[in-house]
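Chemist: entry00.pdb is the file, holding PDB, C-alpha atoms:
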```
ATOM      1  CA  MET D   1      -4.983   7.087  11.061
ATOM      2  CA  ARG D   2      -6.772   6.657  14.371
ATOM      3  CA  THR D   3      -7.367   3.421  16.250
ATOM      4  CA  ARG D   4     -10.004   2.828  18.889
ATOM      5  CA  ILE D   5     -10.021  -0.371  20.912
ATOM      6  CA  GLY D   6     -13.066  -2.047  22.447
ATOM      7  CA  PHE D   7     -13.444  -5.158  24.576
ATOM      8  CA  ASP D   8     -16.416  -7.505  24.773
ATOM      9  CA  GLY D   9     -15.918 -10.608  26.877
ATOM     10  CA  ASP D  10     -12.855 -12.386  25.546
ATOM     11  CA  SER D  11     -12.919 -10.544  22.253
ATOM     12  CA  MET D  12     -10.976  -7.400  21.475
ATOM     13  CA  THR D  13     -11.877  -5.144  18.546
ATOM     14  CA  ALA D  14      -9.530  -2.632  16.959
ATOM     15  CA  TYR D  15     -11.528  -0.052  14.990
ATOM     16  CA  LEU D  16      -9.081   1.218  12.382
ATOM     17  CA  SER D  17      -9.779   4.419  10.517
ATOM     18  CA  GLY D  18      -8.190   6.819   8.059
ATOM     19  CA  GLU D  19      -5.260   5.759   5.893
ATOM     20  CA  ILE D  20      -2.999   2.791   6.686
ATOM     21  CA  ASP D  21       0.517   3.115   5.344
ATOM     22  CA  HIS D  22       4.041   2.309   6.474
ATOM     23  CA  HIS D  23       4.309   5.621   8.343
ATOM     24  CA  CYS D  24       1.372   5.084  10.674
ATOM     25  CA  ALA D  25       1.229   1.273  10.863
ATOM     26  CA  LYS D  26       3.960   1.157  13.506
ATOM     27  CA  ASN D  27       2.037   3.017  16.223
ATOM     28  CA  THR D  28      -1.122   1.038  15.574
ATOM     29  CA  ARG D  29       0.727  -2.241  15.704
ATOM     30  CA  GLU D  30       2.424  -1.301  18.981
ATOM     31  CA  LEU D  31      -0.889  -0.237  20.539
ATOM     32  CA  ILE D  32      -2.676  -3.431  19.494
ATOM     33  CA  ASP D  33       0.208  -5.693  20.509
ATOM     34  CA  SER D  34       0.585  -4.188  23.969
ATOM     35  CA  LEU D  35      -3.150  -4.703  24.601
ATOM     36  CA  ILE D  36      -3.039  -8.295  23.288
ATOM     37  CA  GLN D  37      -0.218  -9.036  25.708
ATOM     38  CA  GLN D  38      -2.072  -7.379  28.581
ATOM     39  CA  LYS D  39      -5.572  -8.787  28.026
ATOM     40  CA  LYS D  40      -4.853 -12.012  26.111
ATOM     41  CA  PRO D  41      -8.154 -11.989  24.170
ATOM     42  CA  LYS D  42      -9.372 -15.153  22.403
ATOM     43  CA  VAL D  43     -10.483 -13.217  19.339
ATOM     44  CA  LEU D  44      -8.988 -10.105  17.809
ATOM     45  CA  ARG D  45     -11.368  -8.344  15.419
ATOM     46  CA  LEU D  46      -9.765  -5.855  13.076
ATOM     47  CA  ASP D  47     -12.583  -3.580  11.937
ATOM     48  CA  PHE D  48     -11.759  -1.842   8.639
ATOM     49  CA  SER D  49     -15.061   0.029   8.204
ATOM     50  CA  GLY D  50     -13.393   3.418   8.713
ATOM     51  CA  VAL D  51     -10.376   2.775   6.494
ATOM     52  CA  GLY D  52     -10.371   4.901   3.351
ATOM     53  CA  PHE D  53      -6.994   3.859   2.021
ATOM     54  CA  MET D  54      -4.382   1.232   2.667
ATOM     55  CA  ASP D  55      -1.330  -0.147   0.930
ATOM     56  CA  SER D  56       0.516  -3.393   1.653
ATOM     57  CA  SER D  57       1.428  -2.051   5.101
ATOM     58  CA  GLY D  58      -2.151  -2.929   6.050
ATOM     59  CA  ILE D  59      -1.504  -6.503   4.917
ATOM     60  CA  GLY D  60       1.638  -6.604   7.065
ATOM     61  CA  LEU D  61      -0.434  -5.336   9.981
ATOM     62  CA  ILE D  62      -3.011  -8.120   9.545
ATOM     63  CA  ILE D  63      -0.499 -10.931   9.031
ATOM     64  CA  GLY D  64       1.601  -9.808  11.992
ATOM     65  CA  ARG D  65      -1.437  -9.781  14.317
ATOM     66  CA  TYR D  66      -2.584 -13.129  12.870
ATOM     67  CA  ARG D  67       0.771 -14.657  13.848
ATOM     68  CA  MET D  68       0.672 -13.084  17.281
ATOM     69  CA  MET D  69      -2.841 -14.326  18.033
ATOM     70  CA  MET D  70      -1.885 -17.839  16.872
ATOM     71  CA  LEU D  71       0.996 -17.674  19.323
ATOM     72  CA  TYR D  72      -1.455 -16.957  22.142
ATOM     73  CA  GLY D  73      -3.869 -19.649  20.964
ATOM     74  CA  GLY D  74      -6.433 -17.153  19.674
ATOM     75  CA  TYR D  75      -7.519 -16.059  16.221
ATOM     76  CA  VAL D  76      -8.119 -12.978  14.066
ATOM     77  CA  ARG D  77     -11.203 -11.831  12.180
ATOM     78  CA  VAL D  78     -10.900  -9.027   9.643
ATOM     79  CA  VAL D  79     -14.339  -7.415   9.490
ATOM     80  CA  ASN D  80     -16.243  -4.715   7.580
ATOM     81  CA  VAL D  81     -13.756  -4.546   4.724
ATOM     82  CA  PRO D  82     -14.783  -1.723   2.366
ATOM     83  CA  GLU D  83     -15.259  -2.783  -1.242
ATOM     84  CA  GLY D  84     -12.343  -0.644  -2.410
ATOM     85  CA  LEU D  85      -9.888  -2.629  -0.276
ATOM     86  CA  GLU D  86     -10.989  -6.110  -1.285
ATOM     87  CA  LYS D  87      -8.748  -6.361  -4.343
ATOM     88  CA  LEU D  88      -5.668  -5.648  -2.235
ATOM     89  CA  MET D  89      -6.736  -8.031   0.533
ATOM     90  CA  LEU D  90      -7.328 -10.888  -1.925
ATOM     91  CA  LEU D  91      -4.179 -10.160  -3.920
ATOM     92  CA  SER D  92      -2.165 -10.684  -0.763
ATOM     93  CA  GLY D  93      -3.431 -14.228  -0.333
ATOM     94  CA  LEU D  94      -5.286 -13.322   2.865
ATOM     95  CA  GLY D  95      -8.353 -14.993   1.368
ATOM     96  CA  ALA D  96      -6.696 -18.361   1.948
ATOM     97  CA  LEU D  97      -6.453 -17.742   5.708
ATOM     98  CA  ASP D  98     -10.245 -17.557   5.940
ATOM     99  CA  ILE D  99     -10.214 -14.534   8.221
ATOM    100  CA  LEU D 100     -11.901 -11.942   5.983
ATOM    101  CA  GLU D 101     -15.485 -10.847   6.474
ATOM    102  CA  ARG D 102     -17.579  -8.170   4.872
ATOM    103  CA  HIS D 103     -20.776  -7.258   6.698
ATOM    104  CA  GLY D 104     -20.770 -10.620   8.425
ATOM    105  CA  GLU D 105     -20.246 -12.643   5.255
ATOM    106  CA  ALA D 106     -17.002 -14.347   4.386
ATOM    107  CA  ILE D 107     -15.302 -12.914   1.303
ATOM    108  CA  GLU D 108     -14.931 -15.607  -1.322
ATOM    109  CA  THR D 109     -11.762 -15.928  -3.288
ATOM    110  CA  THR D 110     -12.574 -16.031  -6.979
ATOM    111  CA  GLU D 111     -10.239 -17.362  -9.596
TER
ATOM    112  CA  MET H   1      10.656   0.914 -30.640
ATOM    113  CA  VAL H   2      10.149   3.630 -28.032
ATOM    114  CA  LYS H   3       7.661   6.231 -29.089
ATOM    115  CA  LEU H   4       8.827   9.650 -28.015
ATOM    116  CA  LEU H   5       5.484  11.274 -27.539
ATOM    117  CA  LYS H   6       5.391  14.698 -26.056
ATOM    118  CA  PRO H   7       3.386  14.780 -22.840
ATOM    119  CA  LEU H   8       0.390  17.114 -22.629
ATOM    120  CA  ASN H   9       1.250  17.952 -19.069
ATOM    121  CA  GLU H  10       4.027  17.130 -16.657
ATOM    122  CA  MET H  11       4.961  17.690 -13.021
ATOM    123  CA  ASN H  12       8.018  17.083 -10.894
ATOM    124  CA  LEU H  13       8.362  16.696  -7.160
ATOM    125  CA  SER H  14      11.299  16.166  -4.873
ATOM    126  CA  PHE H  15      11.060  15.564  -1.156
ATOM    127  CA  ASP H  16      12.884  13.967   1.774
ATOM    128  CA  SER H  17      12.567  10.231   2.329
ATOM    129  CA  CYS H  18      10.911  10.517   5.736
ATOM    130  CA  SER H  19       7.926   8.243   6.178
ATOM    131  CA  ALA H  20       5.538  11.155   6.840
ATOM    132  CA  ASN H  21       5.943  12.045   3.142
ATOM    133  CA  GLU H  22       4.434   8.747   1.942
ATOM    134  CA  ALA H  23       0.932  10.218   2.296
ATOM    135  CA  PHE H  24       2.040  13.498   0.727
ATOM    136  CA  ALA H  25       3.504  11.735  -2.312
ATOM    137  CA  ARG H  26       0.474   9.604  -3.170
ATOM    138  CA  SER H  27      -1.908  12.515  -2.558
ATOM    139  CA  ALA H  28       0.153  14.885  -4.715
ATOM    140  CA  VAL H  29       0.239  12.435  -7.640
ATOM    141  CA  ALA H  30      -3.495  11.794  -7.280
ATOM    142  CA  ALA H  31      -4.202  15.542  -7.172
ATOM    143  CA  PHE H  32      -2.252  16.089 -10.393
ATOM    144  CA  VAL H  33      -4.026  13.258 -12.196
ATOM    145  CA  THR H  34      -7.475  14.417 -11.053
ATOM    146  CA  GLN H  35      -7.608  16.721 -14.107
ATOM    147  CA  LEU H  36      -8.246  13.596 -16.218
ATOM    148  CA  ASP H  37     -11.396  12.850 -14.223
ATOM    149  CA  PRO H  38     -10.361   9.301 -13.279
ATOM    150  CA  THR H  39     -12.775   6.935 -11.557
ATOM    151  CA  VAL H  40     -12.493   6.566  -7.789
ATOM    152  CA  ALA H  41     -11.133   3.054  -8.299
ATOM    153  CA  GLU H  42      -8.479   4.195 -10.783
ATOM    154  CA  LEU H  43      -7.335   6.974  -8.515
ATOM    155  CA  ASN H  44      -7.184   4.614  -5.563
ATOM    156  CA  GLU H  45      -5.134   2.095  -7.518
ATOM    157  CA  LEU H  46      -2.703   4.804  -8.532
ATOM    158  CA  ARG H  47      -2.410   6.066  -4.964
ATOM    159  CA  THR H  48      -1.722   2.532  -3.765
ATOM    160  CA  ALA H  49       0.955   1.859  -6.396
ATOM    161  CA  VAL H  50       2.696   5.186  -5.689
ATOM    162  CA  SER H  51       2.538   4.533  -1.947
ATOM    163  CA  GLU H  52       4.291   1.180  -2.440
ATOM    164  CA  ALA H  53       7.036   2.665  -4.604
ATOM    165  CA  VAL H  54       7.689   5.561  -2.233
ATOM    166  CA  THR H  55       7.660   3.276   0.815
ATOM    167  CA  ASN H  56      10.320   1.154  -0.916
ATOM    168  CA  CYS H  57      12.505   4.273  -1.172
ATOM    169  CA  VAL H  58      11.966   5.119   2.508
ATOM    170  CA  VAL H  59      12.419   1.581   3.849
ATOM    171  CA  HIS H  60      15.005   0.113   1.479
ATOM    172  CA  ALA H  61      16.791   2.677  -0.686
ATOM    173  CA  TYR H  62      17.592   5.038   2.187
ATOM    174  CA  ARG H  63      17.341   2.500   4.992
ATOM    175  CA  ASP H  64      18.977   4.364   7.894
ATOM    176  CA  THR H  65      19.411   7.714   6.220
ATOM    177  CA  ILE H  66      17.283  10.448   4.732
ATOM    178  CA  GLY H  67      17.754  11.108   1.033
ATOM    179  CA  LYS H  68      15.788  12.691  -1.770
ATOM    180  CA  ILE H  69      12.921  11.037  -3.607
ATOM    181  CA  PHE H  70      11.985  12.381  -7.045
ATOM    182  CA  ILE H  71       8.635  11.882  -8.715
ATOM    183  CA  ASN H  72       7.869  12.757 -12.301
ATOM    184  CA  VAL H  73       4.333  12.418 -13.667
ATOM    185  CA  LYS H  74       3.506  12.771 -17.348
ATOM    186  CA  ILE H  75       0.079  12.863 -18.900
ATOM    187  CA  PHE H  76      -0.181  11.823 -22.550
ATOM    188  CA  SER H  77      -2.961  12.473 -25.033
ATOM    189  CA  ASP H  78      -4.542   9.013 -24.904
ATOM    190  CA  MET H  79      -5.299   9.152 -21.134
ATOM    191  CA  GLN H  80      -1.994   7.401 -20.578
ATOM    192  CA  ILE H  81      -0.037   8.435 -17.513
ATOM    193  CA  THR H  82       3.511   7.635 -16.533
ATOM    194  CA  VAL H  83       4.791   7.990 -12.978
ATOM    195  CA  LYS H  84       8.506   7.715 -12.347
ATOM    196  CA  ILE H  85       9.676   7.332  -8.743
ATOM    197  CA  ARG H  86      13.419   7.751  -8.438
ATOM    198  CA  ASP H  87      15.895   7.604  -5.560
ATOM    199  CA  SER H  88      19.658   7.896  -5.232
ATOM    200  CA  GLY H  89      19.831   5.203  -2.589
ATOM    201  CA  CYS H  90      21.478   1.808  -2.253
ATOM    202  CA  GLY H  91      20.101   0.274  -5.441
ATOM    203  CA  ILE H  92      18.821  -3.262  -5.984
ATOM    204  CA  ALA H  93      21.337  -6.008  -6.789
ATOM    205  CA  ASP H  94      18.800  -8.569  -8.003
ATOM    206  CA  ILE H  95      15.685  -6.891  -9.386
ATOM    207  CA  SER H  96      13.783 -10.069 -10.251
ATOM    208  CA  LYS H  97      14.359 -11.387  -6.724
ATOM    209  CA  ALA H  98      13.194  -8.062  -5.252
ATOM    210  CA  MET H  99      10.018  -8.255  -7.324
ATOM    211  CA  GLU H 100       9.062 -11.743  -6.132
ATOM    212  CA  PRO H 101       5.920 -11.688  -4.002
ATOM    213  CA  LEU H 102       6.589 -12.172  -0.276
ATOM    214  CA  TYR H 103      10.311 -11.468  -0.674
ATOM    215  CA  THR H 104      11.457  -8.762   1.729
ATOM    216  CA  THR H 105      14.754  -7.676   3.175
ATOM    217  CA  ALA H 106      13.069  -5.801   6.023
ATOM    218  CA  PRO H 107      11.030  -8.408   7.952
ATOM    219  CA  ASP H 108      11.379  -6.594  11.298
ATOM    220  CA  GLU H 109       9.571  -3.618   9.804
ATOM    221  CA  GLU H 110       6.713  -6.066   9.209
ATOM    222  CA  ARG H 111       6.857  -5.600   5.470
ATOM    223  CA  ALA H 112       4.682  -8.138   3.715
ATOM    224  CA  GLY H 113       6.979  -8.293   0.688
ATOM    225  CA  LEU H 114       4.108  -7.330  -1.585
ATOM    226  CA  GLY H 115       5.184  -3.893  -2.773
ATOM    227  CA  PHE H 116       6.027  -4.804  -6.371
ATOM    228  CA  ALA H 117       3.147  -7.292  -6.615
ATOM    229  CA  VAL H 118       0.736  -4.507  -5.656
ATOM    230  CA  MET H 119       2.346  -2.072  -8.116
ATOM    231  CA  GLN H 120       2.012  -4.661 -10.890
ATOM    232  CA  SER H 121      -1.564  -5.433 -10.031
ATOM    233  CA  PHE H 122      -2.617  -1.782  -9.713
ATOM    234  CA  SER H 123      -0.955  -0.387 -12.821
ATOM    235  CA  ASP H 124      -0.665  -1.542 -16.431
ATOM    236  CA  SER H 125       3.085  -1.936 -16.360
ATOM    237  CA  VAL H 126       5.961  -1.580 -13.924
ATOM    238  CA  SER H 127       9.567  -1.294 -14.938
ATOM    239  CA  VAL H 128      12.549  -1.045 -12.652
ATOM    240  CA  ARG H 129      16.014   0.232 -13.429
ATOM    241  CA  SER H 130      18.584   0.074 -10.693
ATOM    242  CA  SER H 131      22.267   0.390 -10.142
ATOM    243  CA  VAL H 132      23.852  -0.707  -6.869
ATOM    244  CA  GLY H 133      25.145   2.263  -4.926
ATOM    245  CA  LYS H 134      23.523   4.727  -7.310
ATOM    246  CA  GLY H 135      19.804   4.320  -7.001
ATOM    247  CA  THR H 136      16.606   2.994  -8.475
ATOM    248  CA  THR H 137      13.922   4.258 -10.831
ATOM    249  CA  VAL H 138      10.498   2.637 -10.857
ATOM    250  CA  THR H 139       8.228   3.542 -13.769
ATOM    251  CA  LEU H 140       4.505   2.927 -13.460
ATOM    252  CA  LYS H 141       2.258   3.207 -16.505
ATOM    253  CA  LYS H 142      -1.475   3.354 -16.363
ATOM    254  CA  LYS H 143      -4.121   4.116 -18.956
ATOM    255  CA  LEU H 144      -7.229   5.699 -17.531
ATOM    256  CA  SER H 145     -10.655   5.122 -18.963
ATOM    257  CA  ARG H 146     -12.141   7.907 -21.003
ATOM    258  CA  ARG H 147     -15.435   8.857 -19.459
ATOM    259  CA  VAL H 148     -18.321  10.290 -21.392
ATOM    260  CA  SER H 149     -18.605  13.931 -20.551
ATOM    261  CA  ASN H 150     -21.962  15.195 -19.354
ATOM    262  CA  GLY H 151     -21.465  18.531 -20.943
TER
END
```
Turn the structure described in the file into structure tokens.

Modeler:
Amino acid sequence: MRTRIGFDGDSMTAYLSGEIDHHCAKNTRELIDSLIQQKKPKVLRLDFSGVGFMDSSGIGLIIGRYRMMMLYGGYVRVVNVPEGLEKLMLLSGLGALDILERHGEAIETTE
Amino acid sequence: MVKLLKPLNEMNLSFDSCSANEAFARSAVAAFVTQLDPTVAELNELRTAVSEAVTNCVVHAYRDTIGKIFINVKIFSDMQITVKIRDSGCGIADISKAMEPLYTTAPDEERAGLGFAVMQSFSDSVSVRSSVGKGTTVTLKKKLSRRVSNG
């Protein structure tokens, strides 16, 4: 997986792409965390548009960054979630955190 | 009770429990199953479930060591597939505890504790057999939809 980082004002966007699994999540998490500590953004956007596959390591990546941003008084938005990943995202309970977006619309949790 | 059906096709893999092989394992299983012409969603679910099971072997079964992971895939006549993921690692003392969502014994690895929940959600059945000090076998079963052939 590759990760590109962009900054816009006080928001930082991590463009994730490829496959997110346990093997590659570590490097991505270290890259994002070091930049959060350096730049202290208000908003961290995790852009999933380029992600073709993820397992629960992707959930760990989101929850870990969510906690870190809370610690710094900021928040996380998970954006451009491909349809194929929604089931996994909702299964994890992420829907309850109200941080998921798909093409600008919040993903509703359905029961 | 157990029907001993003969599989139509079968494959076996064994590989080292290094994390780089997580992608290899899920891709290899998906490549084998492709002959059944599964839907993209079915194949993705299978890849996800296999990835979780193999990651468990890497992270938990062989925590600070490298051991062997064995995968056996069987295809049966009714589009039923069985994937067994086996290790000879530390074993699981309390399987029902290990299968609880959000339970993890490796929080510093940032594991969400969702491995078994994802396997259960993305396959039709998951069974776990484990013996402490000897290893664990996870069996995933999934029935694929039969698609109408276009000729």

Chemist: For H:Ile71, which residue out of H:Ser123, H:Thr137, H:Ser14, H:Thr39 is the nearest one, using all atoms listed in the file?

Modeler: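 When distances to H:Ile71 are compared using all atoms listed in the file, the smallest one comes from H:Ser14.
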
Chemist: Restricting the calculation to all atoms listed in the file, which member of D:Gly73, D:Ile63, D:Asp98, D:Met54 is positioned closest to H:Asn44?

Modeler: D:Met54

Chemist: From the options D:Asp47, D:Glu19, D:Asp8, D:Asp33, which residue's atoms come nearest to D:Met68, counting all atoms listed in the file?

Modeler: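 Closest to D:Met68 of all the choices is D:Asp33.
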
Chemist: Report the residues retrieved by the ChimeraX specification (/H :<10) & /D from the displayed file, expressed as a VMD selection string.

Modeler: chain D and resid 19 to 26 29 52 to 64 84 to 85 87 to 88 91 to 92

Chemist: List, as a list in words, every residue that the PyMOL selection byres ((chain H and resi 30) around 10) selects in the file provided.

Modeler: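 Going through the file, the PyMOL selection byres ((chain H and resi 30) around 10) ends up selecting Phe24, Ala25, Arg26, Ser27, Ala28, Val29, Ala31, Phe32, Val33, Thr34, Gln35, Pro38, Glu42, Leu43, Asn44, Glu45, Leu46, Arg47 and Val50 of chain H.
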
Chemist: Please indicate the distance in Å from atom CA of H:Ile81 to atom CA of H:Leu140, rounded to one decimal place.

Modeler: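 Interatomic distance here is 8.2 Å.
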
Chemist: Identify which of the residues H:Gln120, H:Ser96, H:Ser17, H:Thr82 lies closest to H:Arg63, counting only C-alpha atoms when measuring atom-to-atom distances.

Modeler: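 For H:Arg63, the nearest of the given residues is H:Ser17.
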
Chemist: What is the distance between atom CA of H:Gly133 and atom CA of H:Gly89, in Å to one decimal?

Modeler: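 Separating atom CA of H:Gly133 from atom CA of H:Gly89 is a distance of 6.5 Å.
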
Chemist: Rank H:Leu144, H:Leu13, H:Val138, H:Leu8 by their smallest atom-to-atom distance to H:Gly91, using only C-alpha atoms, and report the top residue only.

Modeler: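 Looking only at the distances to H:Gly91, the closest residue turns out to be H:Val138.
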
Chemist: Build an axis-aligned box that encloses every atom of stretch 12-30 of chain H listed in the file, pad it by 5 Å on each side, and report its centre and edge lengths in Å to one decimal, as lines of an AutoDock Vina configuration file.

Modeler:
```
center_x = 4.7
center_y = 12.7
center_z = -2.0
size_x = 26.4
size_y = 18.8
size_z = 27.7
```

Chemist: For a test of reading the model, state the distance in Å between atom CA of H:Arg129 and atom CA of H:Arg86, rounded to one decimal.

Modeler: 9.4 Å

Chemist: For H:Thr65, which of H:Lys6, H:Arg147, H:Thr105, H:Cys90 is the closest residue, counting only C-alpha atoms?

Modeler: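 Between H:Lys6, H:Arg147, H:Thr105, H:Cys90, the residue approaching H:Thr65 most closely is H:Cys90.
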
Chemist: Care to translate the PyMOL selection byres ((chain D and resi 2) around 7) into actual residues of this file, as a PyMOL selection string?

Modeler: chain D and resi 1+3-4+16-18
